[in-house]
Amino acid sequence: MFSLIIPVYNEEDLIVELATRSIKAVESFAPNYEILFINDGSTDSTLQKLIEVRKHHSRIKIIELSKNFGHQAAFTAGLEMARGNYVAMMDGDLQDPPELLAGMYRKITLEGFDIVSGKRTGRRGKRLRITTNLFHAFFKKVAGMDDMENTGNFSMLNRAAVNALVQMKESIRYLPGMRSFIGFRQGYVEYMRDDRKKGEPKMTLGKLILLGADAIFSFSKFPIKVCLFLGTIGVIVFMCAGIYVLVAKIFGFAIIGWSSTVLSIYFLGSIQLVFLGVMGEYVYRIYKESQNRPIYLIKKVYDAESE
Ligand code: UDP
Ligand code: MG
């Protein structure tokens, strides 16, 4: 059995093409398959379109979440529901071409890999290109996970790797990082990333920045290191300044200046605010994890059993 997971959020214009191309692509290598559409709280006619498509293709399952949980949560729902011995994750905007799945399947079944990810060699669109590349280079450096560069969610995993991922219950999730973390033998298939076919990107710049922050805070000590580094420099500078002041006092040439006092207060004050902010990020994340809330909630499942 082969499972394909596709999260969709307000993709009404794309559903028909997405389903047709995905079914065709998957049937070319796996006769026994399921395609899990995770409807992540869409407010347009995405669900109706999916139900319509399901009437003709019973191997399609629809998992309707109770609201919009974000696409990392939607993928997680899919991973937990998927029953295949091989499971693929793919975006629903056709930026990840379904036609590539056959090559990934060949690689994972014939070449002994446990995980095969799509590696972007380029992008046809210009949007966010520089920022994405910068992010990957930066992440590679700070998290020390070099096999992750230019891979996203598009990937295929065998059962053992899926079970490992599903065991990670953290509520702040960055799946490409988690997939790199679990180890196993990882392989790549290179591809040109298409532009999104239709509709607006659902991951707005704001959401992307948040995802980047999650990636950096949960997979690296970089922010703490920066704090420690700057803090140490501050301590050294002010120790020297302190010695100077003492010496000046002893030898009686101390200036009665407020500028140095005021400047150091500003400097220390602002550095402390930044550090408090960084600490706040960690406290917030610890708080989030300790709440232990479900990552997603299912409203309804449309599959053979539910009919
Ligand atoms: N998506 C989702 N929930 C969200 C945002 C996005 O399920 O809250 C889906 C979306 O429908 C698409 C995939 O996740 O299938 C990737 O979204 P998008 O193309 O907007 O992200 P980008 O390609 O810009 O990273
Ligand atoms: Mg996209």
# chains A, B, ... in the order shown; residues from 1 in each chain; ligands from 1
call {"tool": "closest_atom_pairs", "arguments": {"of": "region 166-264 of chain A", "to": "region 284-305 of chain A", "cutoff": "8 Å", "atoms": "only C-alpha atoms", "output": "Markdown table"}}
result
| residue | atom | partner | partner_atom | distance |
| --- | --- | --- | --- | --- |
| A:Glu170 | CA | A:Glu289 | CA | 6.4 |
| A:Ser171 | CA | A:Glu289 | CA | 5.8 |
| A:Ile172 | CA | A:Glu289 | CA | 7.3 |
call {"tool": "select_by_dssp", "arguments": {"residues": "region 162-257 of chain A", "states": "helix (DSSP H, G or I)", "output": "PyMOL selection string"}}
result
chain A and resi 162-167+175-181+205-219+222-250
call {"tool": "closest_atom_pairs", "arguments": {"of": "chain A", "to": "ligand 2", "cutoff": "8 Å", "atoms": "only C-alpha atoms and all ligand atoms", "output": "JSON lines"}}
result
{"residue": "A:Asp91", "atom": "CA", "partner": "ligand 2", "partner_atom_place_in_ligand_line": "1 (Mg)", "distance": 6.7}
{"residue": "A:Gly92", "atom": "CA", "partner": "ligand 2", "partner_atom_place_in_ligand_line": "1 (Mg)", "distance": 7.5}
{"residue": "A:Asp93", "atom": "CA", "partner": "ligand 2", "partner_atom_place_in_ligand_line": "1 (Mg)", "distance": 5.5}
{"residue": "A:Leu94", "atom": "CA", "partner": "ligand 2", "partner_atom_place_in_ligand_line": "1 (Mg)", "distance": 7.5}
{"residue": "A:Gln95", "atom": "CA", "partner": "ligand 2", "partner_atom_place_in_ligand_line": "1 (Mg)", "distance": 5.7}
{"residue": "A:Asp195", "atom": "CA", "partner": "ligand 2", "partner_atom_place_in_ligand_line": "1 (Mg)", "distance": 7.5}
{"residue": "A:Arg196", "atom": "CA", "partner": "ligand 2", "partner_atom_place_in_ligand_line": "1 (Mg)", "distance": 5.4}
{"residue": "A:Pro201", "atom": "CA", "partner": "ligand 2", "partner_atom_place_in_ligand_line": "1 (Mg)", "distance": 5.7}
{"residue": "A:Lys202", "atom": "CA", "partner": "ligand 2", "partner_atom_place_in_ligand_line": "1 (Mg)", "distance": 7.3}
{"residue": "A:Met203", "atom": "CA", "partner": "ligand 2", "partner_atom_place_in_ligand_line": "1 (Mg)", "distance": 7.3}
call {"tool": "closest_residue", "arguments": {"among": "A:Met89, A:Ala102, A:Val235, A:Ile209", "to": "Gly152 (chain A)", "atoms": "only C-alpha atoms"}}
result
A:Met89
call {"tool": "select_by_dssp", "arguments": {"residues": "region 18-221 of chain A", "states": "strand (DSSP E)", "output": "MDAnalysis selection string"}}
result
chainID A and resid 33:39 60:65 86:89 115:123 151:158 186:193
call {"tool": "residues_near_ligand", "arguments": {"ligand": "ligand 1", "cutoff": "8 Å", "atoms": "only C-alpha atoms and all ligand atoms", "output": "ChimeraX atom specification"}}
result
/A:6-11,38-41,68-72,74-75,90-95,196,200-204,208
call {"tool": "atom_distance", "arguments": {"atom1": "CA of Gly118 (chain A)", "atom2": "CA of Asp194 (chain A)"}}
result
12.5 Å
call {"tool": "closest_residue", "arguments": {"among": "A:Val116, A:Ala73, A:Leu165, A:Ile236", "to": "Leu211 (chain A)", "atoms": "only C-alpha atoms"}}
result
A:Ala73
call {"tool": "closest_residue", "arguments": {"among": "A:Met156, A:Ile51, A:Ala215, A:Leu101", "to": "Phe181 (chain A)", "atoms": "only C-alpha atoms"}}
result
A:Ala215
call {"tool": "atom_distance", "arguments": {"atom1": "CA of Leu18 (chain A)", "atom2": "CA of Ser306 (chain A)"}}
result
23.6 Å
call {"tool": "closest_residue", "arguments": {"among": "A:Cys227, A:Leu175, A:Ile250, A:Ile15", "to": "Leu273 (chain A)", "atoms": "only C-alpha atoms"}}
result
A:Cys227
call {"tool": "atom_distance", "arguments": {"atom1": "CA of Gly277 (chain A)", "atom2": "CA of Pro223 (chain A)"}}
result
10.4 Å
call {"tool": "closest_residue", "arguments": {"among": "A:Phe217, A:Phe37, A:Phe138, A:Phe267", "to": "Val237 (chain A)", "atoms": "only C-alpha atoms"}}
result
A:Phe267
call {"tool": "closest_residue", "arguments": {"among": "A:Ile182, A:Ala25, A:Ala241, A:Glu12", "to": "Pro98 (chain A)", "atoms": "only C-alpha atoms"}}
result
A:Ala25
